[in-house]
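Here's the structure we're looking at; comments come further down.
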Amino acid sequence: MATEMVMPKLGLSMTKATITEWFKHEGDRVAKNDDTLEIETEKLTYPVPAPTDGVILKVVAETGTTVPVGEIIAYIGEPGEQIPASLSARPLQADPQSAAPAVKPPDGAETPTESGRIKIAPAAKVLAQKLNVDWSVVTGTGPGGRITKEDIEAFHQNPVSSPGVVAPSVAHQAQLGAFDTINFTEMRKAIATKMTESWSTAPMVTNHVKADVEDLIELRHRLNADLSDDQLKLTLTDLLVKILAKAIKRMPIVNATVSGDVIMLPESINIGVAMALDQGLIVPVVHDADKKDVFAISKEIRALSEKANKGSLAEEDITGGTFTVTNLGSYGSVDFFTPIINQPESAILGVGAARKEPAIVDGAITGRWLMGLSLTYDHRVIDGAPAAKFMAVILDLLRNPARALFEP
Amino acid sequence: MTTITIIGAGPGGYVAAIKASQMGADVHLVDMGPVGGTCLNVGCIPTKALLHAGNFYRMASAGTVPGVDCRNVTLDWNAIQHQKQAVVQELVSGVESLLKANKVHMHRGRASITSATSVAIDSDGTVTSDAIIIATGSEPVQLLFPGADLPLVLDSTRALELDHIPGSLTIVGGGVIGVEFATLFADLGTKVSIVEMLDEILPPCDRQVAELTHKLLVDRGISVFTAAKVTSVKSNGTVNVATPSGEVELNSEFLLMAVGRKPRLPDGLDYLRVACERGAIEVDSNFETNVKGVYAIGDCNGLLMLAHVASSQGEAAVERIMTGRHSYNANVQPSCVYTDPEIAWVGLTEEQAKLQGFEYRCGMFSMAGNGKAMIEGHTEGFVKIIADAESQEVLGAHIIGPRATDLITEVSAVMAMEGLVDDIANLTHPHPTVSEAVREAAKGVFGTPIHQLPARK
């Protein structure tokens, strides 16, 4: 009997995933743990290894299909081995007669807009006008992505388009002329949803300050100089995460999470570090940053970054954050910005570029390393004064970074 | 590799087999008889071959084209039969080579389903597969009345093989098969009577189409009895018919039973507990039976007993098995009747539109206003298009006229794309063609055709 290959559960909150690519196909031989396909959840893409040695006898869920955790996606065995017909003959797909097609169809049908033209059946257009449905936001399920009456009806009953995304009007699209379209990936949809949710949930204020990081940079140089070549060099972010953990300890309100009617103050200080991937933004979390030393933090951030780039972050790597730091400094083009809070957290620190700038020290003008810091906070939880106090704590710690980093 | 066993090599089964092979499946096809099923061997193709000859004969001998003198036209029935058989043979071997080229495993024998994944073939062991498609077709319904078992009582298969042209023929049933045979033998000079149980012939047709066809059959010398029943037939050819105006006695060399067809079911359905309803295999919208992995397509599921529908359902079942989706649209399956002139329709009849509560409008255009139809001497007939009064979507179309069976596809295409009446009415049709009548009928739904007198104010 062939081995069933099922949709793996790669995290506590994972209930389903979309198959983005089969690296191996029916008839291909695979070895156990060979990467066989790639799946995409709301957060990440993951390669899925083969559960056993053998030949892929049957792919049950094709590329583009969204499959619940635990459902069979393929059979692996030796040629000639039997596959249960009742299952193999029933791929996991919607009944075409009853599918609610307002969302992207499972076969990844073409987008209805090609060179700006929206493909819609004439009767569907009439129905859309009658029901007052803007068909430019409806995804078509007909041949070539054409919008059908059924699509309009389904959209009318359940008007969901890509979450957090409002499509431009037909008139607007008409004036755009030719354009390419990019389909929302699961990851981008998740980002769109989270950002929109944050924007509409929290009344946000951002405080800006220039911090003197002369001593921090000096310290970083000394620490890195002591490290041998094969050891990982500390980054400014590594140091900042440790210093922030210490600052949060003194001002725990910025570590708050709004949950229904209460404000929770978690004991753990778990600092998310925003990372830019080609596909979009991801925020891995350094858990208990206050309890780890800066070298451990550095190592952990490096490991998370590598996993993020390989798409192999685990669910627990990207959940449980209580505060986030986002550093755009390395581009050299940003001093201040207004980051959006990573809900359900209450504050986020944006870090700008560190520059050598004229500063007054002991009454004399001198060149100092200065760095822009921008703290966005949820005014439902944090008022202006405590936010200003928190920034003061950070500045204070930055004045004596060695103590901040190494004093228990 | 997915393995599919298909039972029945008719237009449903063999098309499904080729489609499945094209989609990468390993295919077993089982049939007792030659490939092509009823359609190719004893149905659509041979009847049309004979109808073609009969029509040609009548056109010539009746002097249909003024100025062309075809006196002394003769019929060679044997040659006609030979030609019919040649066409059938060529098509059968064409299908055989297609199946072979697609590497379909052909099994000759009687199939019985032994499980949801296995089929036993009496001559050839058992094949196992991931899915089974039942495509066993249908067989003629036999009515029971005194004399129904006499040798002069024919079914459609025997009627195609008669060794001579009968002097007289009574056809029981005024449905599609009945009126086609009536047309055929009337063309060949046979004295034909039709006995239909219902109030009008061609029950599935739009009533206006049926009424005109009735008139045209009568004009051609065919006796049509409606709301009538054959009560008995005797070996001397006496046929007793009960009509609303009393008992009628006909004298007939043969009697053709054309009262419809019933699904033919394979062995093993009871054992597998495949659900049936009124003799037909029950299927869902994917043509899957209540037994997972077992599908039924074509006549045997009783949905719509037409060859081209069986083919489309076969392809749909295969698509479903191989991809989980299919693209069959039950609302856009055309029907054809090969009378002279031909009849074709798609979608709703006016009666159905009314019954289903549609606010609808009809557009009609007579073939008498179409130049090409006039040239060909076919001014009887019309195109009728039915559309939703509000949305203007095309709901159905009915054509009776020259090559109606070829013309209907234009409307099918528009309906399949959820088109509106104006999509047809605004489209330039080539001139001179009969298809111009389709455009004119579309114009007539919400306005007035160009070649029609305006309604009097």
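Ligands are numbered from 1 in the order shown, residues from 1 within each chain, and chains are lettered A, B, ... in the order they appear in the structure tokens.
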Quick one: which residues from chain B are at most 8 Å off chain A, using only C-alpha atoms, as a PDB file with C-alpha atoms, in the first residue's frame?
ATOM      1  CA  MET B   1      -0.309   7.313 -12.976  1.00  0.00           C
ATOM      2  CA  THR B   2      -4.073   7.484 -12.698  1.00  0.00           C
ATOM      3  CA  ALA B 116     -15.367   0.613  -6.886  1.00  0.00           C
ATOM      4  CA  THR B 117     -11.931  -0.067  -8.304  1.00  0.00           C
ATOM      5  CA  SER B 129      -8.290   1.257 -11.661  1.00  0.00           C
ATOM      6  CA  ASP B 130      -8.556   4.422  -9.629  1.00  0.00           C
ATOM      7  CA  ALA B 131     -11.861   5.369 -11.194  1.00  0.00           C
ATOM      8  CA  SER B 285     -23.094  17.588 -10.954  1.00  0.00           C
ATOM      9  CA  ASN B 286     -19.690  15.968 -11.500  1.00  0.00           C
ATOM     10  CA  LYS B 292     -16.994   7.456  -4.775  1.00  0.00           C
ATOM     11  CA  GLY B 293     -14.816   7.043  -7.821  1.00  0.00           C
ATOM     12  CA  ILE B 321     -11.060  12.768 -12.095  1.00  0.00           C
ATOM     13  CA  MET B 322      -7.803  14.219 -13.338  1.00  0.00           C
ATOM     14  CA  THR B 323      -8.038  17.802 -12.069  1.00  0.00           C
ATOM     15  CA  GLY B 324     -10.962  18.066  -9.684  1.00  0.00           C
ATOM     16  CA  ARG B 325     -12.774  20.493 -11.955  1.00  0.00           C
ATOM     17  CA  HIS B 326     -14.764  20.326 -15.163  1.00  0.00           C
ATOM     18  CA  SER B 327     -16.289  22.755 -17.580  1.00  0.00           C
ATOM     19  CA  SER B 391     -31.280  41.336 -18.247  1.00  0.00           C
ATOM     20  CA  GLN B 392     -31.616  40.692 -22.009  1.00  0.00           C
ATOM     21  CA  GLU B 393     -29.698  37.453 -21.566  1.00  0.00           C
ATOM     22  CA  MET B 417     -20.535  33.173 -22.580  1.00  0.00           C
ATOM     23  CA  GLU B 418     -23.606  34.585 -20.831  1.00  0.00           C
ATOM     24  CA  GLY B 419     -24.216  36.866 -23.768  1.00  0.00           C
ATOM     25  CA  LEU B 420     -27.101  39.205 -24.423  1.00  0.00           C
TER      26      LEU B 420
END
One-decimal distance in Å that lies between atom CA of Thr243 of chain B and atom CA of Pro166 of chain B: 24.5 Å
Lys103 of chain B environment, 12 Å, only C-alpha atoms, sequence neighbours closer than 4 positions dropped, as a PyMOL selection string: chain B and resi 17-22+24-29+96-99
Just write the chosen residues, C-alpha atoms, as a CSV table (one decimal), in the first residue's frame.
chain,number,residue,atom,x,y,z
B,17,ALA,CA,-11.0,7.4,-23.2
B,18,ILE,CA,-9.2,9.6,-25.6
B,19,LYS,CA,-9.5,12.6,-23.3
B,20,ALA,CA,-8.3,10.6,-20.4
B,21,SER,CA,-5.3,9.4,-22.4
B,22,GLN,CA,-4.6,13.0,-23.5
B,24,GLY,CA,-2.1,11.4,-18.9
B,25,ALA,CA,-4.2,8.6,-17.6
B,26,ASP,CA,-3.8,4.9,-18.2
B,27,VAL,CA,-7.1,3.9,-19.8
B,28,HIS,CA,-9.0,0.6,-20.1
B,29,LEU,CA,-12.0,0.7,-22.5
B,96,GLU,CA,-10.3,2.4,-33.5
B,97,SER,CA,-7.1,3.9,-34.8
B,98,LEU,CA,-7.6,7.0,-32.6
B,99,LEU,CA,-7.9,4.8,-29.6
Using only C-alpha atoms, what table do you get, as a Markdown table, when you list each residue of segment 186-233 of chain A with an atom no more than 7 Å from segment 357-372 of chain A, its nearest pair of atoms, and their distance in Å rounded to one decimal, rows by chain then rising number?
| residue | atom | partner | partner_atom | distance |
| --- | --- | --- | --- | --- |
| A:Val209 | CA | A:Gly372 | CA | 5.9 |
| A:Lys210 | CA | A:Gly372 | CA | 4.5 |
| A:Ala211 | CA | A:Met371 | CA | 5.2 |
| A:Asp212 | CA | A:Leu370 | CA | 4.6 |
| A:Val213 | CA | A:Trp369 | CA | 5.4 |
| A:Glu214 | CA | A:Trp369 | CA | 4.6 |
Prev. selection, C-alpha atoms, output as an mmCIF file, in the first residue's frame:
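So the final result, stored in result_38.cif, reads:
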data_model
loop_
_atom_site.group_PDB
_atom_site.id
_atom_site.type_symbol
_atom_site.label_atom_id
_atom_site.label_comp_id
_atom_site.auth_asym_id
_atom_site.auth_seq_id
_atom_site.Cartn_x
_atom_site.Cartn_y
_atom_site.Cartn_z
ATOM 1 C CA VAL A 209 14.611 62.080 18.535
ATOM 2 C CA LYS A 210 18.251 62.192 17.477
ATOM 3 C CA ALA A 211 20.241 59.898 19.743
ATOM 4 C CA ASP A 212 23.958 60.265 20.342
ATOM 5 C CA VAL A 213 25.371 56.821 19.536
ATOM 6 C CA GLU A 214 29.041 57.780 19.467
#
Contact residues around segment 376-384 of chain B with only C-alpha atoms at 6 Å, ignoring same-chain residues under 4 positions, as a PyMOL selection string: chain B and resi 363-368+397-401+438+441
Could you please take those selected residues and save N, CA and C atoms as a short mmCIF file (atom, residue, chain, number, x, y, z; two decimals), in the first residue's frame?
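Ended up saving to part38.cif:
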data_model
loop_
_atom_site.label_atom_id
_atom_site.label_comp_id
_atom_site.auth_asym_id
_atom_site.auth_seq_id
_atom_site.Cartn_x
_atom_site.Cartn_y
_atom_site.Cartn_z
N GLY B 363 -38.23 36.83 -29.98
CA GLY B 363 -38.05 37.43 -31.30
C GLY B 363 -38.18 36.32 -32.34
N MET B 364 -38.93 36.60 -33.42
CA MET B 364 -39.15 35.57 -34.44
C MET B 364 -38.76 36.15 -35.79
N PHE B 365 -38.19 35.30 -36.61
CA PHE B 365 -37.98 35.74 -37.99
C PHE B 365 -38.24 34.55 -38.91
N SER B 366 -39.04 34.80 -39.94
CA SER B 366 -39.44 33.71 -40.84
C SER B 366 -38.40 33.51 -41.93
N MET B 367 -38.18 32.24 -42.29
CA MET B 367 -37.26 31.93 -43.38
C MET B 367 -37.76 32.53 -44.71
N ALA B 368 -39.05 32.89 -44.76
CA ALA B 368 -39.58 33.50 -45.98
C ALA B 368 -38.93 34.85 -46.25
N ALA B 397 -32.99 29.30 -27.93
CA ALA B 397 -33.18 29.59 -29.34
C ALA B 397 -33.71 28.35 -30.03
N HIS B 398 -34.58 28.56 -31.00
CA HIS B 398 -35.23 27.45 -31.71
C HIS B 398 -35.20 27.76 -33.19
N ILE B 399 -34.62 26.84 -33.93
CA ILE B 399 -34.49 27.07 -35.36
C ILE B 399 -35.12 25.90 -36.09
N ILE B 400 -35.98 26.23 -37.04
CA ILE B 400 -36.45 25.21 -37.97
C ILE B 400 -36.21 25.79 -39.35
N GLY B 401 -35.35 25.13 -40.11
CA GLY B 401 -34.98 25.69 -41.41
C GLY B 401 -33.75 24.96 -41.93
N VAL B 438 -30.91 34.37 -38.00
CA VAL B 438 -30.65 34.34 -36.56
C VAL B 438 -30.48 35.76 -36.04
N ALA B 441 -33.83 37.52 -35.98
CA ALA B 441 -34.67 37.09 -34.85
C ALA B 441 -34.21 37.78 -33.57
#
Per-residue DSSP, segment 58-222 of chain B, filtered to alpha helix (DSSP H), as a PyMOL selection string: chain B and resi 58-61+77-101+156-159+176-187+207-219
Strand (DSSP E or B) residues, from DSSP on the backbone, in segment 60-251 of chain B, as an MDAnalysis selection string: chainID B and resid 105:108 111:115 118:121 125:128 131:134 138:140 153:154 168:172 191:195 223:225 229:233 238:243 246:251
Nearby residues (only C-alpha atoms) at most 7 Å from segment 213-226 of chain B, same-chain spacing under 4 positions excluded, as an MDAnalysis selection string: chainID B and resid 191:201 209
Would you mind exporting C-alpha atoms of the selected residues as an mmCIF file, in the first residue's frame?
data_model
loop_
_atom_site.group_PDB
_atom_site.id
_atom_site.type_symbol
_atom_site.label_atom_id
_atom_site.label_comp_id
_atom_site.auth_asym_id
_atom_site.auth_seq_id
_atom_site.Cartn_x
_atom_site.Cartn_y
_atom_site.Cartn_z
ATOM 1 C CA LYS B 191 -46.770 5.486 -46.999
ATOM 2 C CA VAL B 192 -46.033 6.556 -43.404
ATOM 3 C CA SER B 193 -48.295 7.017 -40.386
ATOM 4 C CA ILE B 194 -47.203 8.358 -37.000
ATOM 5 C CA VAL B 195 -49.095 7.465 -33.841
ATOM 6 C CA GLU B 196 -48.213 9.732 -30.913
ATOM 7 C CA MET B 197 -49.655 9.284 -27.456
ATOM 8 C CA LEU B 198 -49.386 12.939 -26.429
ATOM 9 C CA ASP B 199 -51.331 15.912 -27.796
ATOM 10 C CA GLU B 200 -48.523 16.995 -30.091
ATOM 11 C CA ILE B 201 -45.474 15.400 -31.702
ATOM 12 C CA VAL B 209 -41.633 24.345 -33.780
#
Pick from B:Pro430, B:Pro454, B:Gly237, B:Gly174 nearest to Ala210 of chain B, counting only C-alpha atoms: B:Gly174
All residues 10 Å or closer to Thr237 of chain A, only C-alpha atoms, same chain fewer than 2 positions away omitted, as a list in words: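 Near Thr237 of chain A, the qualifying residues are Leu234, Thr235, Leu239, Leu240, Val241, Lys242, Ile243, Val273, Ile297, Ser298, Ile301, Val325, Thr326, Asn327, Gly329 and Val351 of chain A.
Considering only C-alpha atoms, the residue among A:Glu345, A:Asp378, A:Glu150, A:Glu40 positioned nearest to Met264 of chain A is A:Glu345.
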Within 7 Å of segment 260-277 of chain B using only C-alpha atoms, minus same-chain residues under 6 positions, as a list of chain:residue names: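 Everything that qualifies: B:Ala111, B:Ser112, B:Ile113, B:Thr114, B:Ser115, B:Thr136, B:Gly137, B:Ser138, B:Glu139, B:Pro140, B:Val141, B:Thr289, B:Asn290, B:Val291, B:Asp299, B:Cys300, B:Asn301, B:Gly302.
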Atom-to-atom span, atom CA of Val318 of chain B and atom CA of Ser118 of chain B, Å: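 Computing it gives 17.3 Å between the two atoms.
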Straight-line distance linking atom CA of Leu348 of chain B with atom CA of Cys205 of chain B, stated in Å to one decimal: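 It comes out at 9.5 Å.
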